[in-house]
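Data block for coords-v5.pdb (PDB, C-alpha atoms):
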```pdb
ATOM      1  CA  MET A  63       0.000   0.000   0.000  1.00  0.00           C
ATOM      2  CA  ARG A  64       2.709   2.398   1.055  1.00  0.00           C
ATOM      3  CA  ALA A  65       5.016   1.242  -1.737  1.00  0.00           C
ATOM      4  CA  GLN A  66       2.189   1.809  -4.200  1.00  0.00           C
ATOM      5  CA  LEU A  67       1.648   5.296  -2.910  1.00  0.00           C
ATOM      6  CA  LEU A  68       5.346   6.054  -3.127  1.00  0.00           C
ATOM      7  CA  SER A  69       5.693   4.778  -6.671  1.00  0.00           C
ATOM      8  CA  GLY A  70       2.625   6.796  -7.637  1.00  0.00           C
ATOM      9  CA  LEU A  71       4.271   9.873  -6.198  1.00  0.00           C
ATOM     10  CA  GLY A  72       7.464   9.101  -8.070  1.00  0.00           C
ATOM     11  CA  ALA A  73       5.557   8.798 -11.327  1.00  0.00           C
ATOM     12  CA  ALA A  74       3.822  12.112 -10.689  1.00  0.00           C
ATOM     13  CA  ILE A  75       7.165  13.811 -10.111  1.00  0.00           C
ATOM     14  CA  ALA A  76       8.630  12.221 -13.237  1.00  0.00           C
ATOM     15  CA  VAL A  77       5.690  13.440 -15.319  1.00  0.00           C
ATOM     16  CA  ALA A  78       5.939  16.909 -13.835  1.00  0.00           C
ATOM     17  CA  GLY A  79       9.613  16.963 -14.775  1.00  0.00           C
ATOM     18  CA  CYS A  80       8.736  16.478 -18.420  1.00  0.00           C
ATOM     19  CA  ILE A  81       6.472  19.496 -18.735  1.00  0.00           C
ATOM     20  CA  PRO A  82       8.223  22.051 -20.957  1.00  0.00           C
ATOM     21  CA  VAL A  83       9.050  25.262 -19.164  1.00  0.00           C
ATOM     22  CA  GLN A  84       8.038  28.411 -20.968  1.00  0.00           C
ATOM     23  CA  ILE A  85      10.021  31.544 -20.408  1.00  0.00           C
ATOM     24  CA  GLN A  86       7.893  34.647 -20.547  1.00  0.00           C
ATOM     25  CA  ALA A  87       8.970  38.159 -21.391  1.00  0.00           C
ATOM     26  CA  PRO A  88       8.898  40.410 -18.326  1.00  0.00           C
ATOM     27  CA  ASP A  89       5.966  42.531 -19.357  1.00  0.00           C
ATOM     28  CA  GLU A  90       4.136  42.430 -16.043  1.00  0.00           C
ATOM     29  CA  PRO A  91       4.190  45.447 -13.775  1.00  0.00           C
ATOM     30  CA  ILE A  92       6.944  45.378 -11.223  1.00  0.00           C
ATOM     31  CA  GLU A  93       5.961  44.797  -7.644  1.00  0.00           C
ATOM     32  CA  ILE A  94       7.364  47.640  -5.649  1.00  0.00           C
ATOM     33  CA  ASN A  95       8.994  46.675  -2.417  1.00  0.00           C
ATOM     34  CA  LEU A  96       9.374  49.665  -0.139  1.00  0.00           C
ATOM     35  CA  ASN A  97      10.598  47.502   2.679  1.00  0.00           C
ATOM     36  CA  VAL A  98      14.023  48.997   2.203  1.00  0.00           C
ATOM     37  CA  ASN A  99      16.635  47.537   4.456  1.00  0.00           C
ATOM     38  CA  ILE A 100      19.932  48.697   3.029  1.00  0.00           C
ATOM     39  CA  ARG A 101      23.288  49.107   4.685  1.00  0.00           C
ATOM     40  CA  GLN A 102      25.087  52.389   4.211  1.00  0.00           C
ATOM     41  CA  GLU A 103      28.435  50.807   3.380  1.00  0.00           C
ATOM     42  CA  VAL A 104      26.851  49.089   0.397  1.00  0.00           C
ATOM     43  CA  ILE A 105      25.531  52.433  -0.817  1.00  0.00           C
ATOM     44  CA  VAL A 106      29.013  53.941  -0.486  1.00  0.00           C
ATOM     45  CA  ARG A 107      30.451  51.090  -2.530  1.00  0.00           C
ATOM     46  CA  LEU A 108      27.821  51.539  -5.251  1.00  0.00           C
ATOM     47  CA  GLU A 109      27.776  55.324  -5.319  1.00  0.00           C
ATOM     48  CA  ARG A 110      29.934  55.735  -8.404  1.00  0.00           C
ATOM     49  CA  ASP A 111      27.952  53.108 -10.289  1.00  0.00           C
ATOM     50  CA  ALA A 112      24.736  54.851  -9.362  1.00  0.00           C
ATOM     51  CA  GLU A 113      26.037  58.184 -10.661  1.00  0.00           C
ATOM     52  CA  GLU A 114      27.215  56.597 -13.877  1.00  0.00           C
ATOM     53  CA  LEU A 115      23.947  54.755 -14.392  1.00  0.00           C
ATOM     54  CA  LEU A 116      22.007  58.001 -14.013  1.00  0.00           C
ATOM     55  CA  GLN A 117      24.227  59.917 -16.385  1.00  0.00           C
ATOM     56  CA  GLN A 118      24.045  57.244 -19.053  1.00  0.00           C
ATOM     57  CA  ASN A 119      20.265  56.860 -18.802  1.00  0.00           C
ATOM     58  CA  GLN A 120      18.941  60.361 -18.346  1.00  0.00           C
ATOM     59  CA  ASP A 121      15.882  59.464 -20.368  1.00  0.00           C
ATOM     60  CA  LEU A 122      14.699  57.153 -17.574  1.00  0.00           C
ATOM     61  CA  PHE A 123      15.050  59.460 -14.583  1.00  0.00           C
TER      62      PHE A 123
ATOM     63  CA  MET B1481      44.814  70.963 -56.670  1.00  0.00           C
ATOM     64  CA  THR B1482      43.676  67.454 -55.870  1.00  0.00           C
ATOM     65  CA  MET B1483      45.459  67.754 -52.560  1.00  0.00           C
ATOM     66  CA  THR B1484      43.547  70.884 -51.515  1.00  0.00           C
ATOM     67  CA  ARG B1485      40.349  69.367 -52.794  1.00  0.00           C
ATOM     68  CA  SER B1486      40.713  66.195 -50.774  1.00  0.00           C
ATOM     69  CA  LEU B1487      41.695  68.268 -47.773  1.00  0.00           C
ATOM     70  CA  ALA B1488      38.558  70.312 -48.166  1.00  0.00           C
ATOM     71  CA  LEU B1489      36.497  67.146 -48.462  1.00  0.00           C
ATOM     72  CA  LEU B1490      38.145  65.728 -45.372  1.00  0.00           C
ATOM     73  CA  SER B1491      37.473  68.793 -43.287  1.00  0.00           C
ATOM     74  CA  ALA B1492      33.879  68.867 -44.500  1.00  0.00           C
ATOM     75  CA  ALA B1493      33.491  65.240 -43.479  1.00  0.00           C
ATOM     76  CA  ALA B1494      35.011  66.007 -40.091  1.00  0.00           C
ATOM     77  CA  LEU B1495      32.551  68.863 -39.640  1.00  0.00           C
ATOM     78  CA  VAL B1496      29.602  66.611 -40.424  1.00  0.00           C
ATOM     79  CA  ALA B1497      30.903  63.891 -38.094  1.00  0.00           C
ATOM     80  CA  GLY B1498      31.385  66.458 -35.376  1.00  0.00           C
ATOM     81  CA  ALA B1499      27.868  67.753 -35.840  1.00  0.00           C
ATOM     82  CA  ILE B1500      26.454  64.230 -35.619  1.00  0.00           C
ATOM     83  CA  ALA B1501      28.484  63.428 -32.519  1.00  0.00           C
ATOM     84  CA  PHE B1502      27.296  66.648 -30.958  1.00  0.00           C
ATOM     85  CA  THR B1503      23.607  66.193 -31.679  1.00  0.00           C
ATOM     86  CA  ALA B1504      23.342  62.418 -31.156  1.00  0.00           C
ATOM     87  CA  PRO B1505      23.033  62.365 -27.357  1.00  0.00           C
ATOM     88  CA  SER B1506      20.190  64.866 -27.328  1.00  0.00           C
ATOM     89  CA  TRP B1507      17.860  62.640 -29.307  1.00  0.00           C
ATOM     90  CA  ALA B1508      19.219  59.333 -28.060  1.00  0.00           C
ATOM     91  CA  GLN B1509      18.484  60.375 -24.481  1.00  0.00           C
ATOM     92  CA  ALA B1510      15.239  62.199 -25.065  1.00  0.00           C
ATOM     93  CA  GLN B1511      13.160  62.219 -21.928  1.00  0.00           C
ATOM     94  CA  ASP B1512       9.625  60.953 -22.005  1.00  0.00           C
ATOM     95  CA  ASN B1513       7.639  64.182 -22.046  1.00  0.00           C
ATOM     96  CA  ALA B1514       4.471  62.514 -20.826  1.00  0.00           C
ATOM     97  CA  LEU B1515       6.330  61.177 -17.795  1.00  0.00           C
ATOM     98  CA  SER B1516       7.965  64.533 -17.089  1.00  0.00           C
ATOM     99  CA  ALA B1517       4.574  66.209 -17.260  1.00  0.00           C
ATOM    100  CA  ALA B1518       3.048  63.601 -14.936  1.00  0.00           C
ATOM    101  CA  ARG B1519       5.838  64.160 -12.434  1.00  0.00           C
ATOM    102  CA  ALA B1520       5.361  67.907 -12.577  1.00  0.00           C
ATOM    103  CA  ALA B1521       1.612  67.455 -12.165  1.00  0.00           C
ATOM    104  CA  GLY B1522       2.110  65.274  -9.088  1.00  0.00           C
ATOM    105  CA  GLN B1523       0.568  62.141 -10.597  1.00  0.00           C
ATOM    106  CA  VAL B1524       3.704  60.056 -10.374  1.00  0.00           C
ATOM    107  CA  GLY B1525       6.844  60.398  -8.354  1.00  0.00           C
ATOM    108  CA  GLU B1526      10.173  58.911  -7.433  1.00  0.00           C
ATOM    109  CA  GLN B1527      10.262  56.360  -4.639  1.00  0.00           C
ATOM    110  CA  ALA B1528      12.969  55.528  -2.099  1.00  0.00           C
ATOM    111  CA  ASP B1529      13.234  52.057  -3.626  1.00  0.00           C
ATOM    112  CA  GLY B1530      14.562  53.421  -6.927  1.00  0.00           C
ATOM    113  CA  TYR B1531      11.380  53.108  -8.988  1.00  0.00           C
ATOM    114  CA  LEU B1532       8.569  55.398 -10.081  1.00  0.00           C
ATOM    115  CA  GLY B1533       5.224  55.124  -8.325  1.00  0.00           C
ATOM    116  CA  PHE B1534       1.683  56.413  -8.688  1.00  0.00           C
ATOM    117  CA  VAL B1535       0.596  59.092  -6.257  1.00  0.00           C
ATOM    118  CA  PRO B1536      -2.570  57.963  -4.413  1.00  0.00           C
ATOM    119  CA  GLY B1537      -5.713  59.766  -5.546  1.00  0.00           C
ATOM    120  CA  ALA B1538      -4.287  60.823  -8.898  1.00  0.00           C
ATOM    121  CA  THR B1539      -6.166  59.839 -12.041  1.00  0.00           C
ATOM    122  CA  ILE B1540      -3.796  57.727 -14.108  1.00  0.00           C
ATOM    123  CA  SER B1541      -4.576  57.068 -17.769  1.00  0.00           C
ATOM    124  CA  ALA B1542      -3.810  53.679 -19.267  1.00  0.00           C
ATOM    125  CA  ASP B1543      -1.153  55.330 -21.410  1.00  0.00           C
ATOM    126  CA  LEU B1544       0.583  56.856 -18.414  1.00  0.00           C
ATOM    127  CA  ARG B1545       0.366  53.613 -16.444  1.00  0.00           C
ATOM    128  CA  GLY B1546       2.036  51.807 -19.324  1.00  0.00           C
ATOM    129  CA  ARG B1547       4.818  54.379 -19.558  1.00  0.00           C
ATOM    130  CA  VAL B1548       5.559  54.161 -15.848  1.00  0.00           C
ATOM    131  CA  GLU B1549       5.585  50.381 -15.922  1.00  0.00           C
ATOM    132  CA  GLN B1550       7.859  50.297 -18.968  1.00  0.00           C
ATOM    133  CA  ASN B1551      10.173  52.794 -17.318  1.00  0.00           C
ATOM    134  CA  ASN B1552      10.360  50.666 -14.177  1.00  0.00           C
ATOM    135  CA  ILE B1553      11.044  47.528 -16.188  1.00  0.00           C
ATOM    136  CA  ARG B1554      13.933  49.270 -17.936  1.00  0.00           C
ATOM    137  CA  ARG B1555      15.227  50.604 -14.636  1.00  0.00           C
ATOM    138  CA  ARG B1556      15.165  47.162 -13.102  1.00  0.00           C
ATOM    139  CA  ALA B1557      17.091  45.751 -16.070  1.00  0.00           C
ATOM    140  CA  LEU B1558      19.794  48.380 -15.518  1.00  0.00           C
ATOM    141  CA  TYR B1559      19.878  47.782 -11.759  1.00  0.00           C
ATOM    142  CA  THR B1560      20.146  44.039 -12.318  1.00  0.00           C
ATOM    143  CA  GLN B1561      22.996  44.420 -14.796  1.00  0.00           C
ATOM    144  CA  ARG B1562      25.027  46.706 -12.512  1.00  0.00           C
ATOM    145  CA  ALA B1563      24.261  44.688  -9.397  1.00  0.00           C
ATOM    146  CA  THR B1564      25.602  41.557 -11.064  1.00  0.00           C
ATOM    147  CA  GLN B1565      28.808  43.350 -12.041  1.00  0.00           C
ATOM    148  CA  ARG B1566      29.319  44.567  -8.469  1.00  0.00           C
ATOM    149  CA  ASN B1567      28.168  41.517  -6.533  1.00  0.00           C
ATOM    150  CA  ALA B1568      25.328  43.467  -5.009  1.00  0.00           C
ATOM    151  CA  SER B1569      21.614  42.755  -4.843  1.00  0.00           C
ATOM    152  CA  VAL B1570      19.208  44.426  -7.252  1.00  0.00           C
ATOM    153  CA  ASN B1571      17.539  46.207  -4.321  1.00  0.00           C
ATOM    154  CA  GLU B1572      20.888  47.558  -3.157  1.00  0.00           C
ATOM    155  CA  MET B1573      21.731  48.914  -6.587  1.00  0.00           C
ATOM    156  CA  ALA B1574      18.243  50.420  -6.841  1.00  0.00           C
ATOM    157  CA  ALA B1575      18.656  52.050  -3.438  1.00  0.00           C
ATOM    158  CA  ALA B1576      22.030  53.522  -4.417  1.00  0.00           C
ATOM    159  CA  VAL B1577      20.398  55.117  -7.466  1.00  0.00           C
ATOM    160  CA  ALA B1578      17.476  56.309  -5.322  1.00  0.00           C
ATOM    161  CA  CYS B1579      19.999  58.148  -3.140  1.00  0.00           C
ATOM    162  CA  GLU B1580      21.333  60.017  -6.161  1.00  0.00           C
ATOM    163  CA  VAL B1581      17.811  60.800  -7.323  1.00  0.00           C
ATOM    164  CA  PHE B1582      16.678  62.001  -3.889  1.00  0.00           C
ATOM    165  CA  GLN B1583      19.791  64.119  -3.491  1.00  0.00           C
ATOM    166  CA  GLY B1584      19.393  66.069  -6.688  1.00  0.00           C
ATOM    167  CA  ARG B1585      16.711  65.026  -9.137  1.00  0.00           C
ATOM    168  CA  ILE B1586      13.436  65.830  -7.444  1.00  0.00           C
ATOM    169  CA  ALA B1587      12.303  69.291  -8.461  1.00  0.00           C
ATOM    170  CA  ASN B1588      10.364  71.770  -6.410  1.00  0.00           C
ATOM    171  CA  GLY B1589       6.676  70.889  -6.405  1.00  0.00           C
ATOM    172  CA  GLU B1590       7.243  67.235  -7.310  1.00  0.00           C
ATOM    173  CA  ARG B1591       5.935  64.425  -5.146  1.00  0.00           C
ATOM    174  CA  TYR B1592       8.006  61.505  -3.918  1.00  0.00           C
ATOM    175  CA  ARG B1593       7.611  58.504  -1.654  1.00  0.00           C
ATOM    176  CA  ASN B1594       9.958  58.482   1.298  1.00  0.00           C
ATOM    177  CA  GLU B1595      11.694  55.552   2.949  1.00  0.00           C
ATOM    178  CA  ALA B1596       8.736  54.968   5.265  1.00  0.00           C
ATOM    179  CA  GLY B1597       6.422  54.690   2.261  1.00  0.00           C
ATOM    180  CA  GLN B1598       4.695  58.043   2.772  1.00  0.00           C
ATOM    181  CA  TRP B1599       4.093  60.420  -0.109  1.00  0.00           C
ATOM    182  CA  ARG B1600       5.541  63.885   0.333  1.00  0.00           C
ATOM    183  CA  GLN B1601       5.883  66.979  -1.798  1.00  0.00           C
ATOM    184  CA  ARG B1602       9.041  68.960  -2.168  1.00  0.00           C
ATOM    185  CA  THR B1603       8.362  72.642  -1.664  1.00  0.00           C
ATOM    186  CA  ALA B1604      10.518  75.667  -1.014  1.00  0.00           C
ATOM    187  CA  SER B1605       9.988  75.210   2.726  1.00  0.00           C
ATOM    188  CA  SER B1606      10.106  71.375   2.840  1.00  0.00           C
ATOM    189  CA  PRO B1607      13.204  69.854   1.282  1.00  0.00           C
ATOM    190  CA  VAL B1608      13.364  66.247   0.099  1.00  0.00           C
ATOM    191  CA  GLU B1609      13.562  63.651   2.887  1.00  0.00           C
ATOM    192  CA  VAL B1610      16.590  61.668   1.828  1.00  0.00           C
ATOM    193  CA  PRO B1611      16.479  57.981   2.890  1.00  0.00           C
ATOM    194  CA  SER B1612      18.489  57.117   6.016  1.00  0.00           C
ATOM    195  CA  PHE B1613      20.668  54.607   4.133  1.00  0.00           C
ATOM    196  CA  CYS B1614      22.083  57.325   1.898  1.00  0.00           C
ATOM    197  CA  THR B1615      25.386  59.019   2.565  1.00  0.00           C
ATOM    198  CA  GLU B1616      26.055  62.737   2.380  1.00  0.00           C
TER     199      GLU B1616
END
```

Please, can you express the file's structure as structure tokens?
Amino acid sequence: MRAQLLSGLGAAIAVAGCIPVQIQAPDEPIEINLNVNIRQEVIVRLERDAEELLQQNQDLF
Amino acid sequence: MTMTRSLALLSAAALVAGAIAFTAPSWAQAQDNALSAARAAGQVGEQADGYLGFVPGATISADLRGRVEQNNIRRRALYTQRATQRNASVNEMAAAVACEVFQGRIANGERYRNEAGQWRQRTASSPVEVPSFCTE
């Protein structure tokens, strides 16, 4: 009984593994997470990158 | 004769190239006027998480909603790319950009969403509340 159940489960997993995965384009709205928990030292490390990113993409900001 | 002629041609070509190089960035980096207008009108604003958000109570057209969402998708792609290069998380990179934005790119009269998630308006008497994780 238990062995049957287990083999059934195994078969289900095997079948699930064969389902083709479709990759979708990210066209859904972004979920905004305002739960910001950022360490200052990380910001210091990324400061120059942030400046550069802004300057190179002025159309977005 | 041929020498002066080719020289003249060369300098003309250089002039044209210079003109193209000079004008290219202005159209390549054209700002979305509809988004700028919506920011000025207080319908959308910058958020402390590095993305644009909709100000509560504002009427947002489908067109504007689409522009904001597209803008945020492009921002996130940039944040992701940089974060990967610097071994940082996407949220960290986004926050670093938010610091730059909050420290100099929110105009008088514009609305923004502070670190605590509250919407504020920058006015002459109330400067932008820069997130606590930002440095001077």

Q) Excluding same-chain residues fewer than 5 positions from Tyr1531 (chain B), what lies within 8 Å of it counting all atoms listed in the file, as a PyMOL selection string? A) (chain A and resi 94) or (chain B and resi 1526+1552+1555+1574+1578)

**Q.** Closest of B:Gly1546, B:Gly1537, B:Pro1611, B:Gly1522 to Gly1597 (chain B) - atom-to-atom distances counting only C-alpha atoms
**A.**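 For Gly1597 (chain B), the nearest of the candidates is B:Pro1611.
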
The ChimeraX specification (/A :<9) & /B - which residues does that actually catch in the file I just gave you? List them as a PDB file with C-alpha atoms, in the coordinates of the input.
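Now in out.pdb:
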```
ATOM      1  CA  ALA B1508      19.219  59.333 -28.060  1.00  0.00           C
ATOM      2  CA  GLN B1509      18.484  60.375 -24.481  1.00  0.00           C
ATOM      3  CA  ALA B1510      15.239  62.199 -25.065  1.00  0.00           C
ATOM      4  CA  GLN B1511      13.160  62.219 -21.928  1.00  0.00           C
ATOM      5  CA  ASP B1512       9.625  60.953 -22.005  1.00  0.00           C
ATOM      6  CA  GLU B1526      10.173  58.911  -7.433  1.00  0.00           C
ATOM      7  CA  GLN B1527      10.262  56.360  -4.639  1.00  0.00           C
ATOM      8  CA  ALA B1528      12.969  55.528  -2.099  1.00  0.00           C
ATOM      9  CA  ASP B1529      13.234  52.057  -3.626  1.00  0.00           C
ATOM     10  CA  TYR B1531      11.380  53.108  -8.988  1.00  0.00           C
ATOM     11  CA  LEU B1532       8.569  55.398 -10.081  1.00  0.00           C
ATOM     12  CA  GLY B1533       5.224  55.124  -8.325  1.00  0.00           C
ATOM     13  CA  GLY B1546       2.036  51.807 -19.324  1.00  0.00           C
ATOM     14  CA  GLU B1549       5.585  50.381 -15.922  1.00  0.00           C
ATOM     15  CA  GLN B1550       7.859  50.297 -18.968  1.00  0.00           C
ATOM     16  CA  ASN B1551      10.173  52.794 -17.318  1.00  0.00           C
ATOM     17  CA  ASN B1552      10.360  50.666 -14.177  1.00  0.00           C
ATOM     18  CA  ILE B1553      11.044  47.528 -16.188  1.00  0.00           C
ATOM     19  CA  ARG B1554      13.933  49.270 -17.936  1.00  0.00           C
ATOM     20  CA  ARG B1555      15.227  50.604 -14.636  1.00  0.00           C
ATOM     21  CA  ARG B1556      15.165  47.162 -13.102  1.00  0.00           C
ATOM     22  CA  LEU B1558      19.794  48.380 -15.518  1.00  0.00           C
ATOM     23  CA  TYR B1559      19.878  47.782 -11.759  1.00  0.00           C
ATOM     24  CA  ARG B1562      25.027  46.706 -12.512  1.00  0.00           C
ATOM     25  CA  ALA B1563      24.261  44.688  -9.397  1.00  0.00           C
ATOM     26  CA  ARG B1566      29.319  44.567  -8.469  1.00  0.00           C
ATOM     27  CA  ALA B1568      25.328  43.467  -5.009  1.00  0.00           C
ATOM     28  CA  ASN B1571      17.539  46.207  -4.321  1.00  0.00           C
ATOM     29  CA  GLU B1572      20.888  47.558  -3.157  1.00  0.00           C
ATOM     30  CA  MET B1573      21.731  48.914  -6.587  1.00  0.00           C
ATOM     31  CA  ALA B1574      18.243  50.420  -6.841  1.00  0.00           C
ATOM     32  CA  ALA B1575      18.656  52.050  -3.438  1.00  0.00           C
ATOM     33  CA  ALA B1576      22.030  53.522  -4.417  1.00  0.00           C
ATOM     34  CA  VAL B1577      20.398  55.117  -7.466  1.00  0.00           C
ATOM     35  CA  ALA B1578      17.476  56.309  -5.322  1.00  0.00           C
ATOM     36  CA  CYS B1579      19.999  58.148  -3.140  1.00  0.00           C
ATOM     37  CA  GLU B1580      21.333  60.017  -6.161  1.00  0.00           C
ATOM     38  CA  VAL B1581      17.811  60.800  -7.323  1.00  0.00           C
ATOM     39  CA  ARG B1585      16.711  65.026  -9.137  1.00  0.00           C
ATOM     40  CA  ASN B1594       9.958  58.482   1.298  1.00  0.00           C
ATOM     41  CA  GLU B1595      11.694  55.552   2.949  1.00  0.00           C
ATOM     42  CA  ALA B1596       8.736  54.968   5.265  1.00  0.00           C
ATOM     43  CA  GLY B1597       6.422  54.690   2.261  1.00  0.00           C
ATOM     44  CA  SER B1612      18.489  57.117   6.016  1.00  0.00           C
ATOM     45  CA  PHE B1613      20.668  54.607   4.133  1.00  0.00           C
ATOM     46  CA  CYS B1614      22.083  57.325   1.898  1.00  0.00           C
ATOM     47  CA  THR B1615      25.386  59.019   2.565  1.00  0.00           C
TER      48      THR B1615
END
```

Q. Taking the file as shown, what set of residues would the PyMOL selection byres ((chain B and resi 1602-1608) around 6) give back, as a PyMOL selection string?
A. chain B and resi 1588-1590+1601+1609-1610

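Here the question is which of B:Arg1600, B:Thr1560, B:Asn1513, B:Val1570 gets nearest to Ile1586 (chain B) using all atoms listed in the file, and that residue is B:Arg1600.
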
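From CA of Thr1539 (chain B) back to CA of Arg1591 (chain B), the distance works out to 14.7 Å.
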
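For the atom pair formed by CA of Ala1514 (chain B) and CA of Arg1545 (chain B), the distance is 10.7 Å, given to one decimal.
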
(Q) As an exercise, work out the distance from CA of Gln1565 (chain B) to CA of Val1548 (chain B) in Å and give it to one decimal place. (A) 25.9 Å

Q | Residue among B:Glu1616, B:Leu1544, B:Trp1599, B:Ala1557 lying closest to Gln1583 (chain B), counting all atoms listed in the file | A | B:Glu1616
